[in-house]
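Printed here is upload_16.cif (mmCIF, C-alpha atoms and all ligand atoms):
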```cif
data_work
loop_
_atom_site.label_atom_id
_atom_site.label_comp_id
_atom_site.auth_asym_id
_atom_site.auth_seq_id
_atom_site.Cartn_x
_atom_site.Cartn_y
_atom_site.Cartn_z
CA MET A 1 120.88 83.63 83.72
CA SER A 2 118.33 81.77 85.76
CA ASP A 3 115.22 79.78 85.05
CA VAL A 4 115.61 79.50 81.27
CA LYS A 5 112.97 77.22 79.78
CA LEU A 6 111.20 76.38 76.57
CA ARG A 7 107.51 76.98 77.17
CA CYS A 8 104.66 75.72 74.99
CA LEU A 9 102.24 78.45 74.04
CA GLY A 10 99.53 75.85 73.46
CA CYS A 11 99.41 73.83 76.69
CA GLY A 12 101.89 75.64 78.92
CA SER A 13 104.23 72.64 79.35
CA THR A 14 107.84 73.59 79.95
CA TYR A 15 111.05 71.92 78.80
CA GLY A 16 114.74 72.32 79.56
CA SER A 17 116.59 74.92 77.53
CA ASP A 18 118.95 72.28 76.10
CA GLU A 19 116.26 70.02 74.69
CA VAL A 20 116.42 69.81 70.92
CA ILE A 21 112.73 70.25 70.15
CA TYR A 22 111.01 72.59 67.72
CA SER A 23 107.42 72.18 68.87
CA CYS A 24 105.74 70.86 72.00
CA PRO A 25 106.14 67.06 72.19
CA LYS A 26 102.80 66.88 74.07
CA CYS A 27 100.46 69.06 71.98
CA GLY A 28 102.47 70.21 68.95
CA GLY A 29 102.20 73.88 70.01
CA LEU A 30 104.79 76.57 69.31
CA LEU A 31 107.60 77.00 71.81
CA GLU A 32 108.90 80.22 73.28
CA VAL A 33 112.04 80.88 75.30
CA SER A 34 111.06 82.02 78.78
CA TYR A 35 113.47 83.38 81.39
CA GLU A 36 113.52 85.86 84.22
CA ILE A 37 113.38 89.29 82.56
CA PRO A 38 116.00 91.54 84.15
CA GLU A 39 114.91 94.69 85.96
CA ILE A 40 117.36 97.06 84.41
CA SER A 41 117.73 100.61 83.10
CA LEU A 42 119.14 101.75 79.77
CA LYS A 43 122.18 103.18 81.55
CA GLU A 44 123.18 99.70 82.65
CA LEU A 45 123.44 98.44 79.06
CA SER A 46 126.90 98.61 77.54
CA GLY A 47 128.51 98.17 74.14
CA ALA A 48 127.70 99.53 70.69
CA LEU A 49 124.16 99.39 69.37
CA GLY A 50 123.61 95.84 68.11
CA VAL A 51 122.28 92.45 69.14
CA TRP A 52 124.88 91.74 71.84
CA ARG A 53 124.38 95.05 73.62
CA TYR A 54 121.27 93.31 74.99
CA ARG A 55 123.16 90.36 76.47
CA SER A 56 121.10 90.52 79.67
CA PHE A 57 117.97 89.76 77.60
CA LEU A 58 119.57 86.88 75.67
CA PRO A 59 119.28 83.72 77.77
CA ILE A 60 122.13 81.57 76.45
CA ARG A 61 125.23 80.41 78.28
CA SER A 62 127.99 80.94 75.73
CA LYS A 63 130.42 83.69 76.64
CA VAL A 64 131.71 83.95 73.07
CA PRO A 65 128.89 84.14 70.53
CA VAL A 66 129.10 83.33 66.83
CA THR A 67 128.81 86.88 65.54
CA LEU A 68 129.38 89.13 62.55
CA ASP A 69 128.44 92.29 64.51
CA GLU A 70 124.82 92.17 63.46
CA GLY A 71 122.11 94.67 64.40
CA GLY A 72 122.83 98.31 65.14
CA THR A 73 121.11 99.18 61.87
CA PRO A 74 120.10 102.78 61.04
CA LEU A 75 116.70 104.22 61.87
CA TYR A 76 116.09 106.74 59.10
CA SER A 77 113.60 109.57 59.36
CA CYS A 78 111.71 109.71 56.03
CA PRO A 79 109.76 112.98 55.81
CA LYS A 80 109.04 112.67 52.10
CA LEU A 81 107.57 109.21 52.49
CA ALA A 82 105.55 110.44 55.48
CA LYS A 83 104.07 113.17 53.31
CA TRP A 84 103.32 110.68 50.53
CA ALA A 85 101.64 108.24 52.92
CA ARG A 86 99.87 111.10 54.79
CA VAL A 87 101.12 110.36 58.27
CA LYS A 88 102.97 112.67 60.66
CA ALA A 89 106.21 110.72 60.82
CA LEU A 90 107.56 107.66 59.05
CA TYR A 91 110.84 105.99 59.96
CA ILE A 92 112.60 103.12 58.25
CA LYS A 93 114.51 100.63 60.39
CA TYR A 94 116.94 99.56 57.69
CA GLU A 95 117.68 95.90 58.20
CA GLY A 96 119.41 95.73 54.82
CA ALA A 97 122.43 97.13 56.67
CA ASN A 98 123.02 93.83 58.48
CA PRO A 99 126.11 91.74 57.54
CA THR A 100 124.29 89.53 55.03
CA GLY A 101 121.77 92.21 54.11
CA SER A 102 118.70 91.14 56.08
CA PHE A 103 117.17 90.99 59.56
CA LYS A 104 117.80 87.25 59.65
CA ASP A 105 121.32 87.90 60.96
CA ARG A 106 119.90 88.98 64.33
CA GLY A 107 118.34 85.55 64.69
CA MET A 108 121.22 83.56 63.29
CA THR A 109 123.82 84.96 65.69
CA LEU A 110 121.67 83.53 68.51
CA GLY A 111 120.56 80.40 66.69
CA VAL A 112 124.01 79.34 65.53
CA THR A 113 125.53 80.17 68.91
CA LYS A 114 122.89 77.86 70.43
CA ALA A 115 123.70 75.19 67.83
CA VAL A 116 127.36 75.27 68.92
CA GLU A 117 126.32 75.22 72.58
CA LEU A 118 124.28 72.07 71.91
CA GLY A 119 127.22 70.41 70.17
CA SER A 120 125.57 70.28 66.71
CA LYS A 121 127.81 69.57 63.77
CA ALA A 122 125.34 70.43 61.03
CA VAL A 123 122.56 72.99 60.60
CA ALA A 124 119.76 73.32 58.07
CA CYS A 125 116.90 75.51 56.93
CA ALA A 126 114.30 75.84 54.22
CA SER A 127 114.20 79.32 52.81
CA THR A 128 112.72 81.83 50.44
CA GLY A 129 116.30 83.13 50.32
CA ASN A 130 117.38 85.38 53.16
CA THR A 131 117.32 82.75 55.89
CA SER A 132 119.61 80.57 53.77
CA ALA A 133 121.97 83.46 52.98
CA SER A 134 122.26 84.30 56.65
CA LEU A 135 122.55 80.76 57.98
CA SER A 136 125.22 79.94 55.38
CA ALA A 137 127.37 82.84 56.57
CA TYR A 138 127.00 82.11 60.29
CA ALA A 139 127.54 78.38 59.78
CA ALA A 140 130.75 79.21 57.90
CA ARG A 141 131.85 81.45 60.76
CA ALA A 142 131.17 78.66 63.26
CA GLY A 143 132.67 75.88 61.13
CA LEU A 144 129.41 73.94 60.85
CA VAL A 145 128.10 72.03 57.85
CA CYS A 146 125.08 73.82 56.40
CA TYR A 147 122.21 72.47 54.29
CA VAL A 148 119.69 74.78 52.69
CA ILE A 149 116.52 73.63 50.96
CA LEU A 150 115.10 76.13 48.47
CA PRO A 151 111.95 76.31 46.36
CA ALA A 152 113.37 75.82 42.85
CA GLY A 153 113.32 78.90 40.64
CA LYS A 154 111.77 81.15 43.29
CA VAL A 155 114.79 82.46 45.18
CA ALA A 156 116.24 85.87 44.28
CA MET A 157 119.68 85.73 42.66
CA GLY A 158 121.57 87.71 45.33
CA LYS A 159 120.39 85.38 48.08
CA LEU A 160 121.25 82.24 46.14
CA ALA A 161 124.69 83.70 45.39
CA GLN A 162 125.33 84.19 49.10
CA ALA A 163 124.38 80.64 50.07
CA LEU A 164 126.58 79.22 47.31
CA MET A 165 129.63 81.35 48.09
CA HIS A 166 129.47 80.72 51.85
CA GLY A 167 129.76 77.02 51.09
CA ALA A 168 126.32 75.74 52.02
CA LYS A 169 125.06 72.56 50.43
CA VAL A 170 122.19 73.96 48.42
CA ILE A 171 119.31 71.71 47.39
CA SER A 172 116.49 73.08 45.26
CA VAL A 173 113.22 71.20 45.46
CA LYS A 174 110.44 71.28 42.92
CA GLY A 175 107.86 72.75 45.24
CA ASN A 176 107.12 75.92 47.16
CA PHE A 177 108.58 77.16 50.45
CA ASP A 178 105.90 75.48 52.55
CA GLU A 179 106.77 72.11 51.03
CA ALA A 180 110.49 72.79 51.49
CA LEU A 181 109.92 73.61 55.16
CA ASN A 182 107.98 70.37 55.74
CA LEU A 183 110.83 68.45 54.14
CA VAL A 184 113.56 70.08 56.20
CA MET A 185 111.62 69.58 59.44
CA GLY A 186 111.44 65.87 58.66
CA LEU A 187 115.07 65.80 57.58
CA SER A 188 116.40 67.52 60.69
CA ILE A 189 114.69 65.07 63.02
CA LYS A 190 115.60 62.03 60.91
CA MET A 191 119.24 62.98 60.36
CA GLY A 192 120.02 64.83 63.60
CA ILE A 193 120.65 68.20 61.98
CA TYR A 194 119.91 71.36 63.96
CA LEU A 195 116.98 73.22 62.38
CA LEU A 196 117.23 76.99 62.11
CA ASN A 197 113.96 78.10 60.62
CA SER A 198 111.99 80.56 62.72
CA ILE A 199 110.01 77.75 64.32
CA ASN A 200 113.21 77.49 66.37
CA PRO A 201 112.48 79.87 69.27
CA TRP A 202 116.16 80.75 69.84
CA ARG A 203 116.25 82.64 66.57
CA LEU A 204 113.41 84.86 67.67
CA GLU A 205 115.38 85.79 70.78
CA GLY A 206 117.92 87.46 68.53
CA GLN A 207 115.32 89.08 66.31
CA LYS A 208 113.54 90.69 69.26
CA THR A 209 116.52 93.06 69.68
CA LEU A 210 115.16 95.15 66.81
CA ALA A 211 112.50 96.42 69.23
CA PHE A 212 115.16 97.36 71.79
CA GLU A 213 117.12 99.33 69.21
CA VAL A 214 114.05 101.20 67.99
CA VAL A 215 113.24 102.30 71.55
CA GLU A 216 116.80 103.55 72.06
CA GLN A 217 117.12 105.23 68.65
CA LEU A 218 113.74 106.94 68.71
CA GLY A 219 113.91 107.72 72.42
CA ARG A 220 110.42 106.29 72.87
CA VAL A 221 108.08 103.51 71.78
CA PRO A 222 106.53 104.34 68.37
CA GLU A 223 102.77 104.40 67.96
CA PHE A 224 102.87 101.85 65.10
CA LEU A 225 105.41 99.25 64.03
CA SER A 226 104.82 98.03 60.46
CA VAL A 227 106.32 94.66 59.43
CA PRO A 228 106.01 92.48 56.33
CA MET A 229 104.83 89.00 57.27
CA GLY A 230 105.91 85.75 55.64
CA ASN A 231 106.49 82.88 58.03
CA CYS A 232 105.54 85.35 60.78
CA GLY A 233 108.61 84.93 62.96
CA ASN A 234 109.76 88.52 62.83
CA ILE A 235 106.56 90.24 63.93
CA SER A 236 106.34 87.74 66.80
CA ALA A 237 109.93 88.35 67.84
CA ILE A 238 109.66 92.14 67.71
CA TRP A 239 106.48 92.07 69.78
CA LYS A 240 108.24 89.91 72.39
CA GLY A 241 111.02 92.49 72.48
CA PHE A 242 108.69 95.39 73.15
CA LYS A 243 106.91 93.42 75.88
CA GLU A 244 110.21 92.54 77.57
CA PHE A 245 111.42 96.15 77.56
CA LYS A 246 108.16 97.11 79.24
CA GLU A 247 108.43 94.31 81.77
CA SER A 248 112.00 95.30 82.58
CA GLY A 249 110.85 98.82 83.38
CA ILE A 250 112.78 100.45 80.52
CA SER A 251 109.69 101.53 78.59
CA GLU A 252 106.14 102.19 79.68
CA GLU A 253 104.28 101.76 76.41
CA LEU A 254 103.73 99.18 73.72
CA PRO A 255 103.35 99.90 70.00
CA ARG A 256 100.46 98.79 67.83
CA MET A 257 101.82 96.07 65.57
CA TYR A 258 100.88 96.27 61.89
CA GLY A 259 101.30 93.03 59.93
CA VAL A 260 101.35 93.40 56.14
CA GLN A 261 101.13 90.50 53.71
CA ALA A 262 101.34 90.33 49.93
CA ALA A 263 97.84 89.95 48.49
CA GLY A 264 98.70 86.61 46.85
CA ALA A 265 100.13 85.14 50.06
CA SER A 266 97.94 86.43 52.86
CA PRO A 267 96.49 83.61 54.98
CA VAL A 268 97.03 85.47 58.27
CA VAL A 269 95.29 88.64 57.10
CA LYS A 270 92.39 86.55 55.85
CA MET A 271 92.11 84.78 59.16
CA LEU A 272 92.10 88.05 61.10
CA ARG A 273 89.54 89.59 58.72
CA ASP A 274 87.29 86.59 59.17
CA GLY A 275 87.73 86.70 62.94
CA SER A 276 88.63 83.05 62.69
CA GLU A 277 90.62 81.01 65.24
CA LYS A 278 92.27 78.73 62.73
CA LEU A 279 94.49 79.43 59.75
CA THR A 280 93.50 78.17 56.32
CA PRO A 281 96.72 77.83 54.31
CA VAL A 282 97.02 79.34 50.84
CA VAL A 283 97.94 76.33 48.71
CA GLN A 284 99.59 78.21 45.86
CA PRO A 285 100.92 81.50 47.20
CA GLU A 286 102.07 83.97 44.55
CA THR A 287 103.79 87.37 44.72
CA LEU A 288 106.75 89.10 43.13
CA ALA A 289 108.02 89.61 46.70
CA THR A 290 109.45 86.08 46.73
CA ALA A 291 110.76 86.52 50.30
CA ILE A 292 107.18 86.41 51.60
CA ARG A 293 105.76 83.93 49.10
CA ILE A 294 104.54 81.71 51.94
CA GLY A 295 101.10 80.12 52.22
CA ASN A 296 101.27 78.22 55.50
CA PRO A 297 103.25 80.31 58.00
CA VAL A 298 104.32 78.22 60.98
CA ASN A 299 104.37 81.11 63.44
CA TRP A 300 100.83 82.29 62.75
CA PRO A 301 99.57 81.81 66.33
CA LYS A 302 102.32 84.11 67.64
CA ALA A 303 101.68 86.72 64.94
CA VAL A 304 97.93 86.69 65.51
CA ASP A 305 98.53 87.18 69.22
CA ALA A 306 100.92 90.09 68.55
CA ILE A 307 98.38 91.87 66.34
CA ARG A 308 95.34 91.18 68.51
CA SER A 309 96.90 91.94 71.86
CA SER A 310 98.58 95.14 70.64
CA ASN A 311 95.29 96.43 69.23
CA GLY A 312 97.18 96.29 65.97
CA LEU A 313 96.41 96.38 62.28
CA PHE A 314 96.64 93.94 59.39
CA ASP A 315 96.24 94.30 55.66
CA THR A 316 97.41 93.12 52.27
CA VAL A 317 99.19 95.05 49.53
CA THR A 318 99.30 94.18 45.84
CA ASP A 319 102.48 93.62 43.86
CA GLU A 320 101.85 96.97 42.12
CA GLU A 321 101.65 98.74 45.49
CA ILE A 322 104.86 96.98 46.57
CA ILE A 323 106.77 98.05 43.45
CA SER A 324 105.51 101.61 43.67
CA ALA A 325 106.59 101.86 47.34
CA GLN A 326 109.95 100.24 46.60
CA ARG A 327 110.69 102.86 43.93
CA LEU A 328 109.62 105.75 46.15
CA ILE A 329 111.72 104.53 49.09
CA ALA A 330 114.70 104.38 46.72
CA CYS A 331 114.08 107.61 44.78
CA LEU A 332 112.71 109.90 47.50
CA GLU A 333 114.84 108.81 50.44
CA GLY A 334 117.86 107.05 48.94
CA ILE A 335 117.15 103.78 50.73
CA GLY A 336 117.42 100.55 48.73
CA VAL A 337 115.12 97.76 49.86
CA GLU A 338 113.90 94.50 48.40
CA PRO A 339 110.21 94.08 47.47
CA ALA A 340 109.07 92.33 50.67
CA SER A 341 110.46 95.23 52.72
CA ALA A 342 108.54 97.74 50.66
CA ALA A 343 105.31 96.01 51.69
CA ALA A 344 105.72 97.53 55.17
CA VAL A 345 105.75 101.04 53.68
CA ALA A 346 103.02 100.38 51.10
CA GLY A 347 100.88 99.20 54.00
CA VAL A 348 101.23 102.54 55.79
CA LYS A 349 99.81 104.44 52.85
CA LYS A 350 96.92 102.02 52.66
CA ALA A 351 96.21 102.28 56.39
CA ALA A 352 96.17 106.09 56.18
CA GLU A 353 93.85 105.97 53.17
CA ASN A 354 91.48 103.67 55.02
CA GLY A 355 91.48 105.84 58.15
CA LYS A 356 93.23 103.20 60.28
CA MET A 357 96.15 105.60 60.72
CA SER A 358 95.69 109.35 61.00
CA ALA A 359 97.59 112.45 59.88
CA ASP A 360 98.95 112.44 63.44
CA SER A 361 100.33 108.91 63.38
CA GLU A 362 103.96 107.97 63.88
CA VAL A 363 105.13 104.72 62.37
CA VAL A 364 108.35 102.76 62.17
CA CYS A 365 108.54 100.48 59.10
CA VAL A 366 110.84 97.49 59.29
CA CYS A 367 112.57 97.27 55.92
CA THR A 368 113.80 93.75 56.21
CA GLY A 369 116.21 93.26 53.28
CA HIS A 370 118.61 95.06 50.92
CA LEU A 371 117.82 96.15 47.35
CA LEU A 372 120.75 94.12 45.97
CA LYS A 373 119.15 90.88 47.05
CA ASP A 374 116.92 90.79 43.99
CA PRO A 375 118.58 92.49 41.00
CA GLU A 376 116.41 90.63 38.51
CA GLU A 377 113.27 92.19 39.95
CA VAL A 378 114.90 95.62 39.66
CA ILE A 379 115.70 95.13 35.98
CA SER A 380 112.22 93.85 35.25
CA VAL A 381 110.70 96.88 36.99
CA CYS A 382 113.13 99.62 35.90
CA GLY A 383 114.24 98.24 32.53
CA ARG A 384 117.79 98.10 31.21
CA PRO A 385 119.82 101.32 30.74
CA VAL A 386 120.25 102.83 27.25
CA GLU A 387 123.41 101.70 25.47
CA ILE A 388 125.27 104.13 23.19
CA PRO A 389 128.60 104.37 21.34
CA ALA A 390 131.47 105.93 23.34
CA ASP A 391 131.04 109.36 21.83
CA LEU A 392 130.93 112.78 23.59
CA ASN A 393 128.45 114.36 21.20
CA ARG A 394 126.07 111.48 21.54
CA ILE A 395 126.22 111.41 25.34
CA SER A 396 125.88 115.23 25.50
CA GLU A 397 122.72 115.04 23.43
CA ILE A 398 121.20 112.59 25.85
CA VAL A 399 122.21 114.48 29.00
CA GLY A 400 121.36 117.98 27.76
CA ASP A 401 122.70 121.28 29.10
CA GLN A 402 122.64 121.33 32.92
CA LYS A 403 124.16 124.81 33.46
C1 LIG B 1 113.14 90.41 53.25
O1 LIG B 1 114.28 83.61 54.13
O2 LIG B 1 111.06 83.29 55.24
O3 LIG B 1 107.49 86.81 58.70
O4 LIG B 1 113.08 81.82 54.32
O5 LIG B 1 113.30 87.64 53.67
O6 LIG B 1 109.67 86.39 59.86
O7 LIG B 1 109.05 85.09 57.84
C2 LIG B 1 112.16 85.28 54.66
C3 LIG B 1 111.26 86.16 55.17
C4 LIG B 1 110.22 89.69 55.34
C5 LIG B 1 109.21 87.71 56.39
N1 LIG B 1 111.14 90.32 54.60
O8 LIG B 1 109.64 87.47 57.69
C6 LIG B 1 113.22 83.06 54.40
C7 LIG B 1 112.05 83.84 54.81
C8 LIG B 1 112.16 89.64 54.04
C9 LIG B 1 112.27 88.27 54.23
C10 LIG B 1 110.27 88.33 55.55
C11 LIG B 1 111.28 87.58 54.97
P1 LIG B 1 108.93 86.38 58.57
#
```
Spell out the structure here as structure tokens.
Ligand code: AN7
Amino acid sequence: MSDVKLRCLGCGSTYGSDEVIYSCPKCGGLLEVSYEIPEISLKELSGALGVWRYRSFLPIRSKVPVTLDEGGTPLYSCPKLAKWARVKALYIKYEGANPTGSFKDRGMTLGVTKAVELGSKAVACASTGNTSASLSAYAARAGLVCYVILPAGKVAMGKLAQALMHGAKVISVKGNFDEALNLVMGLSIKMGIYLLNSINPWRLEGQKTLAFEVVEQLGRVPEFLSVPMGNCGNISAIWKGFKEFKESGISEELPRMYGVQAAGASPVVKMLRDGSEKLTPVVQPETLATAIRIGNPVNWPKAVDAIRSSNGLFDTVTDEEIISAQRLIACLEGIGVEPASAAAVAGVKKAAENGKMSADSEVVCVCTGHLLKDPEEVISVCGRPVEIPADLNRISEIVGDQK
């Protein structure tokens, strides 16, 4: 693949694709991977649906990637949720079906492959949970040492369990995610550890493949693409994917990107509402959707660009709206998602109520993580099951005649 560069979105400077930098050394701006987009048709793609089907859009050299067969997740049609939200069609792109149960795997297959390509021996991330679960698994697969820095007491049990079992060195810090991310950025530079938070542009190259899959599965570009926003890497990556498919000639349209934040952690929505050009961080972000409990998202300039240039939407949803959507997704459609994922669906109902979407709208919601990630939230929301003696009469009484 030719002409692969890291390009600064702030000042336009370019750097070699093998430089280990996470922001522009000249101006501090965010970096993006730029390469010559192939002119190609869908027929020329080969392999099963999944990240590596899009090899010609993934500008790394390695012939053998570090992979767990990520991507290729289902796109479910959800007519009952569409009716509830009052839109014409609602689809869920179910990222919980990835190997470690979240969309992060799409990024880690690229990011860890790049780490190996660069000769790194150790990788690290800060995380609200899913990034650490995913990186731990891919680092294990690649034989790399893995450090994960977590906000103490604020990571869902399933995610912590994954990082521990995959053998990562887990360090909890008494602080929030934003503080953990600052620490790990300092640590990676000081100690020569490859950083795999979404400020690393290689990760976003993997995550953009979600857009490609949606186009293939739906047979067209959807009108709206609704995504929960935390550190804002995913919405940026997906937008890049849609733009690249258009540039390659595969699709002719672009979707309107809809970024949804939890009300207690919504600096990007506030900035867009205010029409401001600078983000004011939320110092103490709070939401039951711990995955997106982030007050100072590093990728905000990319997310703001995605929403503004797609003529997109942005809004917040409360924890109550998140829980209510999570239960409906599970009970009406049989799809188990974690709270942050439900924000994407809760946001659709709100947009329809506010007239930003119409009864004619078609929307794909990215449900980013699996229900099992956060069992403690489920118990606190649903309560514990009734416990009874092992007795047929007693259980029959409870169940009642179903004939
Ligand atoms: C389920 O794991 O930031 O806007 O450290 O786990 O790309 O950050 C997780 C984020 C949405 C937000 N849904 O994505 C982490 C982390 C789920 C998530 C997001 C996350 P970004």
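Remark: for ligand LIG 1 (chain B), the closest of the candidate residues A:Thr280, A:Thr368, A:Ser2, A:Thr318 is A:Thr368 (distances computed over only C-alpha atoms and all ligand atoms).
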- List the residues sitting within 7 Å of (102.6, 79.9, 47.8) in the file's frame, using only C-alpha atoms, as a ChimeraX atom specification. /A:176,265,282-286,293-295
- Pick out the residues no farther than 8 Å from ligand LIG 1 (chain B), counting all atoms listed in the file, and list them as a PyMOL selection string. chain A and resi 102-104+125-133+177+197-198+227-236+291-292+294+297+338-341+367-370
- Looking at A:Glu44, A:Asp374, A:Asp315, A:Glu387, which one is nearest to Val345 of chain A, with distances taken over all atoms listed in the file? A:Asp315
- Rounded to one decimal place, report the atom CA of Gly29 of chain A-atom CA of Trp202 of chain A distance in Å.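 Atom CA of Trp202 of chain A lies at a distance of 15.6 Å from atom CA of Gly29 of chain A.
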- Using only C-alpha atoms, which residues sit within 8 Å of Arg141 of chain A once same-chain residues fewer than 4 positions away are excluded, as a VMD selection string? chain A and resid 66 to 67 137
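Here atom CA of His166 of chain A and atom CA of Leu195 of chain A stand 18.0 Å from one another.
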- Item | Counting all atoms listed in the file, the option among A:Ala263, A:Ala352, A:Ala211, A:Val399 closest to Lys246 of chain A | A:Ala211
